[in-house]
Amino acid sequence: MDLNRMGEILDMLAEELPEEFYKDLNAGIVLTPEIKRSPHGDDLLIMGEYSRSNLGRGISIYGGSINSAYGWMSEEQMTEQLREVLRHEFTHHIESLAGERGLEIKDEEQLRDYYNSKKKR
């Protein structure tokens with residue numbers, strides 16, 4: 001999918017979310033053409049990322065990763081994937097504001113399970 005079209009869809013999906021979700025998201029949502037690989041192995045792509053730093057809180061969506069993994073999908077299917085990624089990253093943001101780590105822990109467990117299952121092959 002063209003990155004411009006992906007950005008239009010991402011804007012539409014961002015508008016679906018309540019205004020309160022954007023509290024302290026001062027670095028906003030950034031769509032990048034980057035293909036980002038997991039530091040844990042080249043076979044895993046990172047679709048999105050929530051970050052907190054002295055520069056602020058923000059969400060990065062890696063359009064290159066999404067196209068690499070889902071580029072064969074229809075626009076409707078791709079929209080659902082983008083919605084899932086965006087909401088996942090917003091969940092990290094909201095949990096961070098609340099001092100929670102539930103999704104972060106779940107992500108770590110899923111990654112550990114993935115690599116454990118890979119070792120058994």
# chains A, B, ... in the order shown; residues from 1 in each chain; ligands from 1
>>> residues_around(residues="Ala27 in chain A", least_positions_apart="5", cutoff="6 Å", atoms="only C-alpha atoms", output="list of chain:residue names")
A:Gly56, A:Arg57, A:Gly58
>>> residues_around(residues="range 60-75 of chain A", least_positions_apart="6", cutoff="9 Å", atoms="only C-alpha atoms", output="JSON list (two decimals) with N, CA and C atoms, in the first residue's frame")
[["chain", "number", "residue", "atom", "x", "y", "z"],
["A", 1, "MET", "N", 0.85, -1.17, 0.00],
["A", 1, "MET", "CA", 0.00, 0.00, 0.00],
["A", 1, "MET", "C", 0.90, 1.23, 0.00],
["A", 2, "ASP", "N", 0.52, 2.19, -0.77],
["A", 2, "ASP", "CA", 1.23, 3.46, -0.84],
["A", 2, "ASP", "C", 1.24, 4.11, 0.55],
["A", 3, "LEU", "N", 2.39, 4.66, 0.95],
["A", 3, "LEU", "CA", 2.53, 5.25, 2.27],
["A", 3, "LEU", "C", 1.57, 6.43, 2.48],
["A", 6, "MET", "N", -1.72, 4.91, 3.28],
["A", 6, "MET", "CA", -1.65, 4.37, 4.63],
["A", 6, "MET", "C", -1.80, 5.49, 5.65],
["A", 7, "GLY", "N", -1.18, 6.62, 5.39],
["A", 7, "GLY", "CA", -1.30, 7.77, 6.28],
["A", 7, "GLY", "C", -2.73, 8.28, 6.37],
["A", 28, "GLY", "N", 3.03, 12.66, 19.48],
["A", 28, "GLY", "CA", 2.06, 12.29, 18.46],
["A", 28, "GLY", "C", 2.22, 10.90, 17.89],
["A", 29, "ILE", "N", 1.62, 10.73, 16.72],
["A", 29, "ILE", "CA", 1.67, 9.47, 15.97],
["A", 29, "ILE", "C", 2.46, 9.74, 14.70],
["A", 30, "VAL", "N", 3.49, 8.95, 14.47],
["A", 30, "VAL", "CA", 4.35, 9.15, 13.32],
["A", 30, "VAL", "C", 4.32, 7.88, 12.46],
["A", 31, "LEU", "N", 4.05, 8.05, 11.18],
["A", 31, "LEU", "CA", 4.11, 6.96, 10.21],
["A", 31, "LEU", "C", 5.43, 7.08, 9.48],
["A", 32, "THR", "N", 6.21, 6.01, 9.50],
["A", 32, "THR", "CA", 7.51, 6.02, 8.85],
["A", 32, "THR", "C", 7.57, 4.91, 7.80],
["A", 33, "PRO", "N", 8.34, 5.09, 6.73],
["A", 33, "PRO", "CA", 8.45, 4.04, 5.71],
["A", 33, "PRO", "C", 9.37, 2.89, 6.14],
["A", 34, "GLU", "N", 9.93, 3.00, 7.31],
["A", 34, "GLU", "CA", 10.92, 2.05, 7.80],
["A", 34, "GLU", "C", 10.37, 0.63, 7.95],
["A", 35, "ILE", "N", 11.22, -0.33, 7.62],
["A", 35, "ILE", "CA", 11.00, -1.73, 7.99],
["A", 35, "ILE", "C", 11.84, -1.93, 9.24],
["A", 36, "LYS", "N", 11.18, -2.16, 10.36],
["A", 36, "LYS", "CA", 11.90, -2.30, 11.62],
["A", 36, "LYS", "C", 11.87, -3.75, 12.06],
["A", 37, "ARG", "N", 13.04, -4.29, 12.26],
["A", 37, "ARG", "CA", 13.18, -5.68, 12.69],
["A", 37, "ARG", "C", 13.40, -5.75, 14.19],
["A", 45, "LEU", "N", 9.15, -8.72, 12.58],
["A", 45, "LEU", "CA", 9.04, -7.31, 12.24],
["A", 45, "LEU", "C", 8.28, -6.57, 13.33],
["A", 46, "ILE", "N", 8.67, -5.35, 13.58],
["A", 46, "ILE", "CA", 7.96, -4.48, 14.52],
["A", 46, "ILE", "C", 7.03, -3.60, 13.70],
["A", 47, "MET", "N", 5.73, -3.69, 13.99],
["A", 47, "MET", "CA", 4.73, -2.94, 13.23],
["A", 47, "MET", "C", 4.53, -1.54, 13.80],
["A", 48, "GLY", "N", 4.62, -1.44, 15.12],
["A", 48, "GLY", "CA", 4.42, -0.18, 15.80],
["A", 48, "GLY", "C", 5.17, -0.19, 17.12],
["A", 49, "GLU", "N", 5.33, 1.00, 17.67],
["A", 49, "GLU", "CA", 6.12, 1.11, 18.90],
["A", 49, "GLU", "C", 5.66, 2.34, 19.68],
["A", 50, "TYR", "N", 5.48, 2.15, 20.97],
["A", 50, "TYR", "CA", 5.18, 3.25, 21.86],
["A", 50, "TYR", "C", 6.48, 3.63, 22.56],
["A", 51, "SER", "N", 6.75, 4.91, 22.66],
["A", 51, "SER", "CA", 7.99, 5.34, 23.32],
["A", 51, "SER", "C", 7.73, 6.45, 24.33],
["A", 81, "GLN", "N", -5.68, -4.26, 10.03],
["A", 81, "GLN", "CA", -4.35, -4.46, 10.61],
["A", 81, "GLN", "C", -3.82, -3.17, 11.22],
["A", 82, "LEU", "N", -3.99, -2.07, 10.49],
["A", 82, "LEU", "CA", -3.56, -0.77, 11.00],
["A", 82, "LEU", "C", -4.31, -0.40, 12.27],
["A", 85, "VAL", "N", -2.84, -2.42, 15.15],
["A", 85, "VAL", "CA", -1.52, -1.91, 15.57],
["A", 85, "VAL", "C", -1.68, -0.60, 16.34],
["A", 86, "LEU", "N", -2.47, 0.32, 15.80],
["A", 86, "LEU", "CA", -2.66, 1.62, 16.45],
["A", 86, "LEU", "C", -3.26, 1.45, 17.85],
["A", 89, "GLU", "N", -0.74, 0.07, 20.38],
["A", 89, "GLU", "CA", 0.20, 1.08, 20.86],
["A", 89, "GLU", "C", -0.48, 2.08, 21.79]]
>>> select_by_dssp(residues="range 9-112 of chain A", states="strand (DSSP E or B)", output="JSON, numbers by chain")
{"A": [28, 29, 30, 31, 32, 36, 37, 45, 46, 48, 49, 50, 51, 52, 53, 56, 57, 58, 59, 60, 61, 62]}
>>> write_last_selection(atoms="C-alpha atoms", output="CSV table (one decimal), in the first residue's frame")
chain,number,residue,atom,x,y,z
A,28,GLY,CA,2.1,12.3,18.5
A,29,ILE,CA,1.7,9.5,16.0
A,30,VAL,CA,4.4,9.1,13.3
A,31,LEU,CA,4.1,7.0,10.2
A,32,THR,CA,7.5,6.0,8.8
A,36,LYS,CA,11.9,-2.3,11.6
A,37,ARG,CA,13.2,-5.7,12.7
A,45,LEU,CA,9.0,-7.3,12.2
A,46,ILE,CA,8.0,-4.5,14.5
A,48,GLY,CA,4.4,-0.2,15.8
A,49,GLU,CA,6.1,1.1,18.9
A,50,TYR,CA,5.2,3.3,21.9
A,51,SER,CA,8.0,5.3,23.3
A,52,ARG,CA,8.5,7.4,26.4
A,53,SER,CA,11.6,9.6,26.7
A,56,GLY,CA,7.9,13.0,25.2
A,57,ARG,CA,5.5,10.2,24.6
A,58,GLY,CA,4.7,9.0,21.1
A,59,ILE,CA,3.6,6.3,18.8
A,60,SER,CA,5.6,5.2,15.7
A,61,ILE,CA,3.9,3.1,13.0
A,62,TYR,CA,6.4,1.3,10.7
>>> residues_around(residues="Thr91 in chain A", least_positions_apart="2", cutoff="10 Å", atoms="only C-alpha atoms", output="ChimeraX atom specification")
/A:21,50,85-89,93-97,101-104
>>> write_last_selection(atoms="C-alpha atoms", output="PDB file, in the first residue's frame")
ATOM      1  CA  PHE A  21      -6.560   8.894  24.756  1.00  0.00           C
ATOM      2  CA  TYR A  50       5.181   3.254  21.863  1.00  0.00           C
ATOM      3  CA  VAL A  85      -1.525  -1.907  15.571  1.00  0.00           C
ATOM      4  CA  LEU A  86      -2.658   1.615  16.454  1.00  0.00           C
ATOM      5  CA  ARG A  87      -4.918   0.454  19.273  1.00  0.00           C
ATOM      6  CA  HIS A  88      -2.217  -1.843  20.613  1.00  0.00           C
ATOM      7  CA  GLU A  89       0.204   1.075  20.857  1.00  0.00           C
ATOM      8  CA  HIS A  93       0.257   4.661  26.180  1.00  0.00           C
ATOM      9  CA  ILE A  94      -2.791   4.499  28.425  1.00  0.00           C
ATOM     10  CA  GLU A  95      -1.218   1.847  30.637  1.00  0.00           C
ATOM     11  CA  SER A  96       1.932   3.956  30.910  1.00  0.00           C
ATOM     12  CA  LEU A  97      -0.094   6.939  32.084  1.00  0.00           C
ATOM     13  CA  ARG A 101       2.561  -2.737  32.490  1.00  0.00           C
ATOM     14  CA  GLY A 102      -0.004  -5.454  31.670  1.00  0.00           C
ATOM     15  CA  LEU A 103       0.311  -5.319  27.878  1.00  0.00           C
ATOM     16  CA  GLU A 104       4.066  -4.863  28.065  1.00  0.00           C
TER      17      GLU A 104
END
>>> closest_residue(among="A:Lys120, A:Phe90, A:Ser38, A:Ala98", to="Pro18 in chain A", atoms="only C-alpha atoms")
A:Phe90
>>> select_by_dssp(residues="chain A", states="alpha helix (DSSP H)", output="ChimeraX atom specification")
/A:3-15,63-70,75-98,102-119
>>> atom_distance(atom1="CA of Glu20 in chain A", atom2="CA of Glu8 in chain A")
21.6 Å
>>> atom_distance(atom1="CA of Lys106 in chain A", atom2="CA of Gly41 in chain A")
18.6 Å
>>> residues_around(residues="Arg83 in chain A", least_positions_apart="4", cutoff="8 Å", atoms="only C-alpha atoms", output="PDB file with N, CA and C atoms, in the first residue's frame")
ATOM      1  N   LEU A  10      -4.606   5.836   8.470  1.00  0.00           N
ATOM      2  CA  LEU A  10      -4.171   5.975   9.865  1.00  0.00           C
ATOM      3  C   LEU A  10      -4.809   7.211  10.503  1.00  0.00           C
ATOM      4  N   LEU A  13      -8.339   6.327  11.327  1.00  0.00           N
ATOM      5  CA  LEU A  13      -8.398   5.437  12.484  1.00  0.00           C
ATOM      6  C   LEU A  13      -8.102   6.188  13.779  1.00  0.00           C
ATOM      7  N   THR A  79      -6.628  -2.033   6.523  1.00  0.00           N
ATOM      8  CA  THR A  79      -7.192  -1.078   7.474  1.00  0.00           C
ATOM      9  C   THR A  79      -7.378  -1.740   8.834  1.00  0.00           C
ATOM     10  N   ARG A  87      -4.275   0.643  17.964  1.00  0.00           N
ATOM     11  CA  ARG A  87      -4.918   0.454  19.273  1.00  0.00           C
ATOM     12  C   ARG A  87      -4.006  -0.269  20.252  1.00  0.00           C
TER      13      ARG A  87
END
